[in-house]
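Participant: So here's input.csv, just CSV, C-alpha atoms:
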chain,number,residue,atom,x,y,z
A,70,MET,CA,-32.5,17.2,-15.2
A,71,SER,CA,-30.7,16.0,-12.0
A,72,GLU,CA,-27.7,13.8,-12.2
A,73,ALA,CA,-29.5,11.1,-10.3
A,74,LEU,CA,-32.3,11.0,-12.8
A,75,LEU,CA,-29.9,10.9,-15.8
A,76,SER,CA,-28.0,8.0,-14.2
A,77,ALA,CA,-31.3,6.2,-13.5
A,78,LEU,CA,-32.5,6.7,-17.1
A,79,ALA,CA,-29.1,5.5,-18.5
A,80,GLU,CA,-29.2,2.4,-16.3
A,81,ALA,CA,-32.7,1.6,-17.4
A,82,LEU,CA,-31.9,2.0,-21.1
A,83,ALA,CA,-28.7,-0.1,-20.8
A,84,GLY,CA,-30.7,-2.8,-19.1
A,85,LEU,CA,-33.4,-2.7,-21.7
A,86,VAL,CA,-30.9,-2.8,-24.6
A,87,THR,CA,-29.1,-5.8,-23.0
A,88,ALA,CA,-32.4,-7.6,-22.5
A,89,VAL,CA,-33.5,-7.1,-26.1
A,90,GLU,CA,-30.1,-8.2,-27.5
A,91,THR,CA,-30.0,-11.4,-25.4
A,92,SER,CA,-33.6,-12.4,-25.5
A,93,ASP,CA,-34.6,-15.7,-27.1
A,94,GLU,CA,-36.7,-15.7,-30.3
A,95,ASP,CA,-39.7,-17.2,-28.6
A,96,VAL,CA,-39.6,-14.3,-26.1
A,97,LEU,CA,-39.1,-11.4,-28.6
A,98,ASP,CA,-39.5,-11.4,-32.4
A,99,PRO,CA,-36.0,-10.8,-33.9
A,100,ASP,CA,-37.3,-8.4,-36.5
A,101,THR,CA,-39.0,-6.3,-33.8
A,102,ALA,CA,-35.8,-6.3,-31.7
A,103,VAL,CA,-33.7,-5.2,-34.7
A,104,LYS,CA,-36.1,-2.4,-35.6
A,105,TRP,CA,-36.1,-1.1,-32.0
A,106,LEU,CA,-32.4,-1.2,-31.7
A,107,GLU,CA,-32.0,0.6,-35.1
A,108,SER,CA,-34.4,3.3,-34.1
A,109,THR,CA,-32.7,3.8,-30.8
A,110,GLY,CA,-29.3,3.9,-32.4
A,111,HIS,CA,-30.5,6.5,-35.0
A,112,THR,CA,-31.8,8.7,-32.1
A,113,LEU,CA,-28.5,8.5,-30.2
A,114,ALA,CA,-26.5,9.1,-33.4
A,115,GLY,CA,-28.1,12.6,-33.5
A,116,LEU,CA,-26.6,13.7,-30.2
A,117,THR,CA,-23.7,16.1,-30.1
A,118,GLU,CA,-20.2,14.7,-29.5
A,119,ALA,CA,-20.3,16.1,-25.9
A,120,ASP,CA,-23.7,14.4,-25.2
A,121,ARG,CA,-22.5,11.1,-26.7
A,122,ARG,CA,-19.4,11.2,-24.3
A,123,THR,CA,-21.7,11.9,-21.4
A,124,LEU,CA,-24.0,9.0,-22.3
A,125,ASP,CA,-21.0,6.7,-22.7
A,126,GLY,CA,-19.9,7.6,-19.2
A,127,LEU,CA,-23.4,7.0,-17.8
A,128,PHE,CA,-23.7,3.6,-19.5
A,129,ARG,CA,-20.3,2.5,-18.2
A,130,ALA,CA,-21.0,3.7,-14.7
A,131,ALA,CA,-24.2,1.7,-14.7
A,132,ALA,CA,-22.4,-1.4,-15.9
A,133,LEU,CA,-19.8,-1.2,-13.2
A,134,ARG,CA,-22.5,-1.1,-10.6
A,135,ALA,CA,-23.6,-4.6,-11.6
A,136,PRO,CA,-21.9,-7.6,-10.1
A,137,GLU,CA,-19.0,-9.1,-12.1
A,138,GLY,CA,-20.2,-11.7,-14.6
A,139,ALA,CA,-21.9,-12.1,-17.9
A,140,ARG,CA,-24.5,-9.4,-17.4
A,141,ARG,CA,-21.9,-6.8,-16.5
A,142,ASP,CA,-20.0,-7.8,-19.7
A,143,GLU,CA,-23.1,-7.3,-21.7
A,144,LEU,CA,-23.8,-3.9,-20.2
A,145,LEU,CA,-20.2,-2.8,-20.9
A,146,ARG,CA,-20.8,-3.4,-24.6
A,147,VAL,CA,-23.9,-1.1,-24.8
A,148,SER,CA,-21.8,2.0,-25.6
A,149,GLU,CA,-19.8,0.2,-28.3
A,150,GLY,CA,-23.0,-1.2,-29.8
A,151,PHE,CA,-24.3,2.4,-30.3
A,152,GLY,CA,-21.0,3.8,-31.5
A,153,LEU,CA,-20.4,6.0,-28.5
A,154,THR,CA,-16.8,5.0,-28.0
A,155,PHE,CA,-15.1,6.3,-31.1
A,156,GLY,CA,-12.5,8.3,-29.4
A,157,LEU,CA,-11.4,5.3,-27.4
A,158,ALA,CA,-10.4,3.6,-30.7
A,159,PHE,CA,-7.2,5.5,-30.6
A,160,GLY,CA,-6.3,4.9,-26.9
A,161,LEU,CA,-7.0,8.6,-26.2
A,162,THR,CA,-8.9,10.4,-23.5
A,163,GLU,CA,-9.6,13.4,-25.7
A,164,ASP,CA,-12.9,14.0,-27.5
A,165,PRO,CA,-13.6,11.8,-30.7
A,166,HIS,CA,-13.3,14.8,-33.0
A,167,THR,CA,-9.8,15.7,-31.9
A,168,ALA,CA,-8.8,12.1,-31.7
A,169,ALA,CA,-9.8,11.5,-35.4
A,170,CYS,CA,-7.9,14.6,-36.4
A,171,ASP,CA,-4.8,13.4,-34.7
A,172,ALA,CA,-5.2,9.9,-36.2
A,173,VAL,CA,-5.4,11.4,-39.7
A,174,LEU,CA,-2.0,13.0,-39.2
A,175,ASP,CA,-0.5,9.8,-37.7
A,176,HIS,CA,-1.7,7.6,-40.5
A,177,THR,CA,-0.6,10.1,-43.2
A,178,ARG,CA,2.9,10.2,-41.7
A,179,ARG,CA,3.0,6.4,-41.9
A,180,LEU,CA,1.8,6.5,-45.5
A,181,ALA,CA,4.4,9.2,-46.3
A,182,ALA,CA,7.1,7.0,-44.9
A,183,VAL,CA,6.1,4.2,-47.3
A,184,VAL,CA,5.9,6.5,-50.3
A,185,ARG,CA,9.2,8.2,-49.5
A,186,ASP,CA,11.2,5.0,-49.8
A,187,ALA,CA,9.4,3.3,-52.6
A,188,ASP,CA,9.5,3.5,-56.4
A,189,PRO,CA,6.6,5.9,-57.4
A,190,ALA,CA,5.9,3.6,-60.4
A,191,THR,CA,5.0,0.7,-58.2
A,192,PRO,CA,1.6,-0.8,-59.2
A,193,VAL,CA,-1.1,-0.7,-56.5
A,194,PRO,CA,-3.0,-4.0,-56.6
A,195,GLY,CA,-6.0,-2.6,-54.6
A,196,CYS,CA,-6.5,0.2,-57.1
A,197,PRO,CA,-6.2,-1.1,-60.7
A,198,ASP,CA,-4.3,1.1,-63.1
A,199,TRP,CA,-2.9,3.2,-60.2
A,200,THR,CA,0.8,3.5,-59.3
A,201,LEU,CA,2.0,4.5,-55.9
A,202,ALA,CA,2.4,8.1,-57.3
A,203,ASP,CA,-1.3,8.1,-58.3
A,204,LEU,CA,-2.3,6.9,-54.8
A,205,ALA,CA,-0.3,9.6,-53.2
A,206,ARG,CA,-1.8,12.3,-55.4
A,207,HIS,CA,-5.3,10.9,-54.6
A,208,VAL,CA,-4.8,10.9,-50.8
A,209,GLY,CA,-3.3,14.4,-50.8
A,210,THR,CA,-6.2,15.6,-52.9
A,211,VAL,CA,-8.7,14.2,-50.5
A,212,HIS,CA,-7.0,16.0,-47.6
A,213,ARG,CA,-7.0,19.4,-49.3
A,214,TRP,CA,-10.6,18.9,-50.6
A,215,ALA,CA,-11.9,18.1,-47.1
A,216,GLU,CA,-9.9,21.0,-45.6
A,217,HIS,CA,-11.6,23.4,-48.1
A,218,LEU,CA,-15.1,22.1,-47.3
A,219,VAL,CA,-14.5,22.4,-43.5
A,220,ARG,CA,-12.9,25.8,-43.7
A,221,THR,CA,-15.5,27.3,-46.0
A,222,ARG,CA,-18.5,25.5,-44.6
A,223,ALA,CA,-19.6,24.7,-48.1
A,224,ALA,CA,-23.4,24.2,-48.4
A,225,THR,CA,-23.2,22.4,-51.7
A,226,ARG,CA,-20.9,19.9,-53.3
A,227,VAL,CA,-17.5,21.1,-54.3
A,228,LEU,CA,-15.4,19.2,-56.8
A,229,ALA,CA,-11.8,18.4,-56.0
A,230,GLU,CA,-10.7,19.9,-59.3
A,231,ASP,CA,-12.1,23.3,-58.1
A,232,VAL,CA,-9.9,23.3,-55.0
A,233,PRO,CA,-6.3,24.6,-54.9
A,234,LEU,CA,-4.1,21.5,-54.6
A,235,ASP,CA,-0.6,23.0,-54.9
A,236,PRO,CA,0.6,19.7,-56.5
A,237,PRO,CA,4.3,18.7,-56.0
A,238,ALA,CA,6.8,19.3,-58.8
A,239,GLY,CA,7.6,15.6,-59.0
A,240,PRO,CA,7.2,12.2,-57.2
A,241,ALA,CA,10.2,12.9,-55.0
A,242,ALA,CA,8.1,15.6,-53.2
A,243,TYR,CA,5.0,13.5,-52.7
A,244,ALA,CA,5.8,12.4,-49.1
A,245,ASP,CA,6.2,15.9,-47.8
A,246,TRP,CA,3.2,17.1,-49.8
A,247,LEU,CA,1.1,14.4,-48.2
A,248,VAL,CA,2.1,15.4,-44.7
A,249,ALA,CA,1.6,19.1,-45.4
A,250,GLY,CA,-1.9,18.5,-46.6
A,251,ALA,CA,-2.8,16.3,-43.5
A,252,GLU,CA,-1.3,19.0,-41.2
A,253,ARG,CA,-3.5,21.7,-42.8
A,254,PHE,CA,-6.6,19.5,-42.7
A,255,ALA,CA,-6.1,18.5,-39.0
A,256,ALA,CA,-5.4,22.1,-37.9
A,257,THR,CA,-8.6,23.4,-39.7
A,258,ALA,CA,-10.8,20.5,-38.4
A,259,ARG,CA,-9.5,20.8,-34.8
A,260,GLY,CA,-10.4,24.5,-34.8
A,261,ALA,CA,-13.9,23.9,-36.2
A,262,ASP,CA,-17.2,23.2,-34.4
A,263,PRO,CA,-17.9,19.5,-35.0
A,264,ASP,CA,-21.6,20.3,-35.0
A,265,ALA,CA,-21.4,23.0,-37.7
A,266,PRO,CA,-23.4,22.2,-40.8
A,267,VAL,CA,-21.5,21.5,-44.0
A,268,TRP,CA,-22.2,19.5,-47.2
A,269,SER,CA,-21.0,16.0,-47.0
A,270,PRO,CA,-21.1,13.0,-49.4
A,271,GLY,CA,-22.5,10.8,-46.7
A,272,ALA,CA,-25.1,10.5,-44.0
A,273,ASP,CA,-23.9,13.3,-41.7
A,274,PRO,CA,-23.8,16.9,-43.1
A,275,HIS,CA,-21.7,18.3,-40.3
A,276,VAL,CA,-18.0,19.1,-39.8
A,277,ARG,CA,-17.7,16.0,-37.6
A,278,HIS,CA,-18.1,13.8,-40.7
A,279,TYR,CA,-14.8,14.9,-42.2
A,280,PRO,CA,-12.1,13.8,-39.7
A,281,ARG,CA,-13.6,10.3,-39.8
A,282,HIS,CA,-14.1,10.3,-43.5
A,283,VAL,CA,-10.5,11.4,-44.2
A,284,LEU,CA,-9.1,9.1,-41.5
A,285,PHE,CA,-10.8,6.0,-43.0
A,286,GLU,CA,-9.9,7.0,-46.5
A,287,THR,CA,-6.2,7.4,-45.4
A,288,LEU,CA,-6.3,4.1,-43.4
A,289,VAL,CA,-7.4,2.0,-46.4
A,290,HIS,CA,-4.9,3.7,-48.8
A,291,LEU,CA,-2.1,3.2,-46.2
A,292,ALA,CA,-3.0,-0.5,-46.5
A,293,ASP,CA,-2.9,-0.2,-50.3
A,294,ALA,CA,0.6,1.3,-50.2
A,295,GLU,CA,1.8,-1.4,-47.8
A,296,LEU,CA,0.3,-4.2,-49.9
A,297,ALA,CA,1.9,-2.7,-53.0
A,298,VAL,CA,5.4,-2.3,-51.5
A,299,ASP,CA,5.6,-5.1,-48.9
A,300,GLY,CA,3.0,-7.6,-50.1
A,301,LYS,CA,1.0,-7.3,-46.9
A,302,ALA,CA,-0.8,-4.7,-44.9
A,303,GLY,CA,0.4,-3.5,-41.5
A,304,PRO,CA,-1.7,-4.2,-38.4
A,305,LEU,CA,-4.9,-2.2,-38.1
A,306,ASP,CA,-6.1,-1.1,-34.7
A,307,PRO,CA,-9.2,-3.2,-34.1
A,308,ALA,CA,-11.4,-0.5,-32.7
A,309,THR,CA,-10.4,2.0,-35.4
A,310,ALA,CA,-11.2,-0.7,-38.1
A,311,THR,CA,-14.5,-1.3,-36.5
A,312,ALA,CA,-15.4,2.4,-36.6
A,313,ALA,CA,-14.3,2.4,-40.2
A,314,VAL,CA,-16.6,-0.5,-41.0
A,315,ASP,CA,-19.5,1.4,-39.4
A,316,HIS,CA,-18.7,4.5,-41.4
A,317,PHE,CA,-18.7,2.5,-44.6
A,318,LEU,CA,-22.1,0.9,-43.9
A,319,THR,CA,-23.6,4.2,-42.8
A,320,ASP,CA,-22.5,6.1,-45.9
A,321,ALA,CA,-23.0,3.4,-48.5
A,322,PRO,CA,-26.7,4.2,-49.2
A,323,TYR,CA,-25.6,7.7,-50.0
A,324,ILE,CA,-23.1,6.6,-52.7
A,325,ALA,CA,-24.9,6.1,-56.0
A,326,ARG,CA,-22.2,3.7,-57.3
A,327,ILE,CA,-23.1,1.4,-54.3
A,328,ALA,CA,-26.7,2.1,-53.7
A,329,GLU,CA,-27.9,1.5,-57.2
A,330,PRO,CA,-26.3,-1.9,-57.7
A,331,VAL,CA,-27.4,-3.0,-54.2
A,332,SER,CA,-31.0,-2.0,-55.1
A,333,ARG,CA,-30.8,-4.4,-58.1
A,334,LEU,CA,-29.5,-7.4,-56.2
A,335,GLY,CA,-32.9,-9.2,-55.9
A,336,ARG,CA,-31.8,-10.5,-52.5
A,337,ASP,CA,-34.7,-9.0,-50.4
A,338,GLY,CA,-35.0,-10.6,-47.0
A,339,THR,CA,-31.5,-12.1,-46.9
A,340,VAL,CA,-29.2,-11.3,-44.0
A,341,LEU,CA,-25.4,-10.9,-44.1
A,342,ARG,CA,-23.6,-11.0,-40.8
A,343,LEU,CA,-20.0,-9.7,-40.2
A,344,VAL,CA,-18.3,-11.0,-37.1
A,345,ALA,CA,-15.0,-9.5,-35.8
A,346,ARG,CA,-13.0,-12.2,-34.0
A,347,ASP,CA,-10.7,-9.8,-32.2
A,348,THR,CA,-13.3,-7.4,-30.8
A,349,GLY,CA,-16.4,-9.5,-30.8
A,350,ALA,CA,-18.2,-6.7,-32.8
A,351,VAL,CA,-21.1,-8.0,-34.8
A,352,ARG,CA,-22.7,-6.1,-37.7
A,353,THR,CA,-25.9,-7.5,-39.3
A,354,LEU,CA,-27.0,-6.3,-42.7
A,355,VAL,CA,-30.6,-6.9,-43.9
A,356,LEU,CA,-31.2,-6.5,-47.7
A,357,GLY,CA,-34.5,-5.3,-49.0
A,358,GLY,CA,-36.7,-2.3,-49.8
A,359,GLY,CA,-34.4,-1.2,-52.6
A,360,GLY,CA,-31.3,-1.2,-50.4
A,361,PHE,CA,-30.2,-2.5,-47.0
A,362,THR,CA,-30.3,-1.7,-43.3
A,363,TRP,CA,-27.7,-2.6,-40.7
A,364,THR,CA,-27.5,-2.8,-37.0
A,365,ARG,CA,-24.8,-3.5,-34.4
A,366,GLY,CA,-25.2,-6.9,-32.8
A,367,SER,CA,-27.1,-9.9,-33.8
A,368,GLY,CA,-30.6,-9.7,-35.2
A,369,ALA,CA,-32.5,-11.8,-37.7
A,370,GLU,CA,-31.3,-15.3,-38.5
A,371,PRO,CA,-28.3,-14.8,-40.9
A,372,THR,CA,-28.3,-16.1,-44.5
A,373,ALA,CA,-24.6,-15.9,-44.6
A,374,VAL,CA,-21.9,-15.2,-42.0
A,375,VAL,CA,-18.2,-14.1,-42.5
A,376,GLU,CA,-15.7,-14.0,-39.6
A,377,ALA,CA,-12.3,-12.4,-39.4
A,378,ASP,CA,-10.5,-9.8,-37.4
A,379,ALA,CA,-11.9,-6.3,-37.7
A,380,GLY,CA,-9.2,-5.0,-39.9
A,381,GLU,CA,-9.5,-7.9,-42.3
A,382,LEU,CA,-13.3,-7.3,-42.5
A,383,LEU,CA,-12.7,-3.7,-43.4
A,384,LEU,CA,-10.3,-4.6,-46.2
A,385,LEU,CA,-12.7,-7.2,-47.4
A,386,LEU,CA,-15.5,-4.6,-47.7
A,387,HIS,CA,-13.1,-2.4,-49.6
A,388,ARG,CA,-12.0,-5.3,-51.8
A,389,ARG,CA,-8.4,-5.2,-50.7
A,390,TYR,CA,-8.7,-8.9,-49.6
A,391,GLY,CA,-10.6,-11.5,-51.5
A,392,ALA,CA,-13.3,-13.5,-49.7
A,393,ASP,CA,-11.3,-16.7,-50.4
A,394,ASP,CA,-8.4,-15.5,-48.3
A,395,PRO,CA,-7.8,-18.0,-45.5
A,396,CYS,CA,-8.2,-15.4,-42.9
A,397,PHE,CA,-12.0,-15.5,-43.5
A,398,THR,CA,-14.4,-18.2,-42.2
A,399,HIS,CA,-17.7,-18.6,-44.0
A,400,THR,CA,-21.0,-20.2,-43.0
A,401,GLY,CA,-24.3,-20.2,-44.8
A,402,ASP,CA,-24.9,-18.9,-48.3
A,403,ARG,CA,-21.5,-17.8,-49.6
A,404,GLY,CA,-23.2,-16.5,-52.8
A,405,LEU,CA,-24.8,-13.7,-50.8
A,406,LEU,CA,-21.4,-12.4,-49.7
A,407,ASP,CA,-20.1,-12.6,-53.2
A,408,ASP,CA,-23.2,-10.7,-54.6
A,409,TRP,CA,-22.8,-8.0,-51.9
A,410,LEU,CA,-19.1,-7.5,-52.7
A,411,ALA,CA,-19.8,-7.3,-56.4
A,412,ALA,CA,-22.5,-4.8,-55.9
A,413,THR,CA,-20.6,-2.6,-53.5
A,414,ALA,CA,-17.3,-2.5,-55.5
A,415,LEU,CA,-16.1,1.1,-56.2
Rewrite the coordinates I just gave you, this time as structure tokens.

Facilitator:
Amino acid sequence: MSEALLSALAEALAGLVTAVETSDEDVLDPDTAVKWLESTGHTLAGLTEADRRTLDGLFRAAALRAPEGARRDELLRVSEGFGLTFGLAFGLTEDPHTAACDAVLDHTRRLAAVVRDADPATPVPGCPDWTLADLARHVGTVHRWAEHLVRTRAATRVLAEDVPLDPPAGPAAYADWLVAGAERFAATARGADPDAPVWSPGADPHVRHYPRHVLFETLVHLADAELAVDGKAGPLDPATATAAVDHFLTDAPYIARIAEPVSRLGRDGTVLRLVARDTGAVRTLVLGGGGFTWTRGSGAEPTAVVEADAGELLLLLHRRYGADDPCFTHTGDRGLLDDWLAATAL
């Protein structure tokens, strides 16, 4: 296929997406719009990382050919809406897979710095019954478990207890043990083909799942450690937090401890909307059919809306912040948000 044809097709698709997202209800039925955008997003999610980067570049080039103004701004958001800009979340020009590996190591070093200078017996509010030492052991275990899966290309589930963990002799060694595990994971994942098949606990049974999974696990537990030691979480990069929210929503239906309670909510047809003030990212969840679906952008009329910065929304979904925290703004049926949070608690 010629470059000219690819560019023309990308421009046409970007224009169509923008028209669907911005159309009035009397022009296009919202449910139809949501279904079309979801199916399109699902198709694009199946592309390889290289193809996703190529498509992102084509979308952006098409947007920049438009005159400055509201339409260009809408076109520039198409890539973000379909999750094609993950690597840019870290301010890097490298590919998303490598960017996520690097970010795992960066966030683990930050976690290790918190652990190194703190009392290992410090309680962790976000993880009841855990101390800071328990949290460090958990994160270090996740890193070594994920490294084993990526290295062996496991086709079936492997329990963490069946993986060599080389645990430290005592809490004083936890910081170095954390960094060593992250370094090993990052090196293994960087050297692996992102598209290689491997069992995963979520929606994507490929190597590319693991750098993101490990990164977002580490990110949330870094916030746990900061909340435990300092009483507040450090700033979260908005784009990384947005990617983490998407990861959570994508994998939630595959996690029995979430999927089963959500299926029993009895809230079919209700719509929960998450709005990130700092990035403008909108995520719309529609409950029903024994679970839920979600889409980037606005869709059906919301039953409830919660607004905050992207990092605050991420920590709300993981129950590190309560919905009554003043950083959140609520409209609509607040009970729907409370029901969702209760059902999705791990």

Participant: Using only C-alpha atoms, find the one residue out of A:Ala328, A:Leu356, A:Cys170, A:Leu291 that sits nearest to Ala261 of chain A.

Facilitator: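 Closest to Ala261 of chain A of all the choices is A:Cys170.
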
Participant: Pull the closest atom pair for each residue of segment 261-354 of chain A that gets at most 12 Å from segment 78-100 of chain A, along with the distance in Å to one decimal, counting all atoms listed in the file, ordering rows by chain and then ascending residue number, as JSON lines.

Facilitator:
{"residue": "A:Gly338", "atom": "CA", "partner": "A:Asp100", "partner_atom": "CA", "distance": 11.0}
{"residue": "A:Val340", "atom": "CA", "partner": "A:Asp100", "partner_atom": "CA", "distance": 11.4}
{"residue": "A:Val351", "atom": "CA", "partner": "A:Glu90", "partner_atom": "CA", "distance": 11.6}
{"residue": "A:Thr353", "atom": "CA", "partner": "A:Asp100", "partner_atom": "CA", "distance": 11.8}

Participant: Nearest to Trp268 of chain A among A:Ala224, A:Ala412, A:Val375, A:Ala131, with distances taken over all atoms listed in the file: which residue is it?

Facilitator: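 Closest residue, counting all atoms listed in the file: A:Ala224.
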
Participant: Mind checking which residues fall within 9 Å of segment 380-385 of chain A, counting all atoms listed in the file, ignoring those fewer than 4 positions away in the same chain, and posting them as a ChimeraX atom specification?

Facilitator: /A:289,292,304-311,313-314,317,343-345,375-376,389-392,396-397,410

Participant: How many Å lie between atom CA of Gly357 of chain A and atom CA of Ala102 of chain A, rounded to one decimal?

Facilitator: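 We find that atom CA of Gly357 of chain A and atom CA of Ala102 of chain A lie 17.4 Å from each other.
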
Participant: Residues around (-22.0, 9.1, -50.6), cut-off 12 Å, counting all atoms listed in the file - what are they as a ChimeraX atom specification?

Facilitator: /A:226,268-274,278,282,316-329,415

Participant: Can you measure atom CA of Asp142 of chain A to atom CA of Thr167 of chain A for me? One decimal in Å is fine.

Facilitator: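 Atom CA of Thr167 of chain A lies at a distance of 28.4 Å from atom CA of Asp142 of chain A.
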
Participant: Calculate how many Å separate atom CA of Asp125 of chain A from atom CA of Ser148 of chain A, rounding to one decimal.

Facilitator: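 If I compute the distance from atom CA of Asp125 of chain A to atom CA of Ser148 of chain A, I get 5.6 Å.
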
Participant: Counting only C-alpha atoms, figure out which residue out of A:Asp120, A:Asp293, A:Gly209, A:Gly239 gets nearest to Asp264 of chain A.

Facilitator: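 Distance minimum relative to Asp264 of chain A lands on A:Asp120.
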
Participant: Give the answer as one residue: which of A:Ala294, A:Val173, A:Leu74, A:Ala258 has the shortest atom-to-atom distance to Ala205 of chain A, using only C-alpha atoms?

Facilitator: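 Between A:Ala294, A:Val173, A:Leu74, A:Ala258, the residue approaching Ala205 of chain A most closely is A:Ala294.
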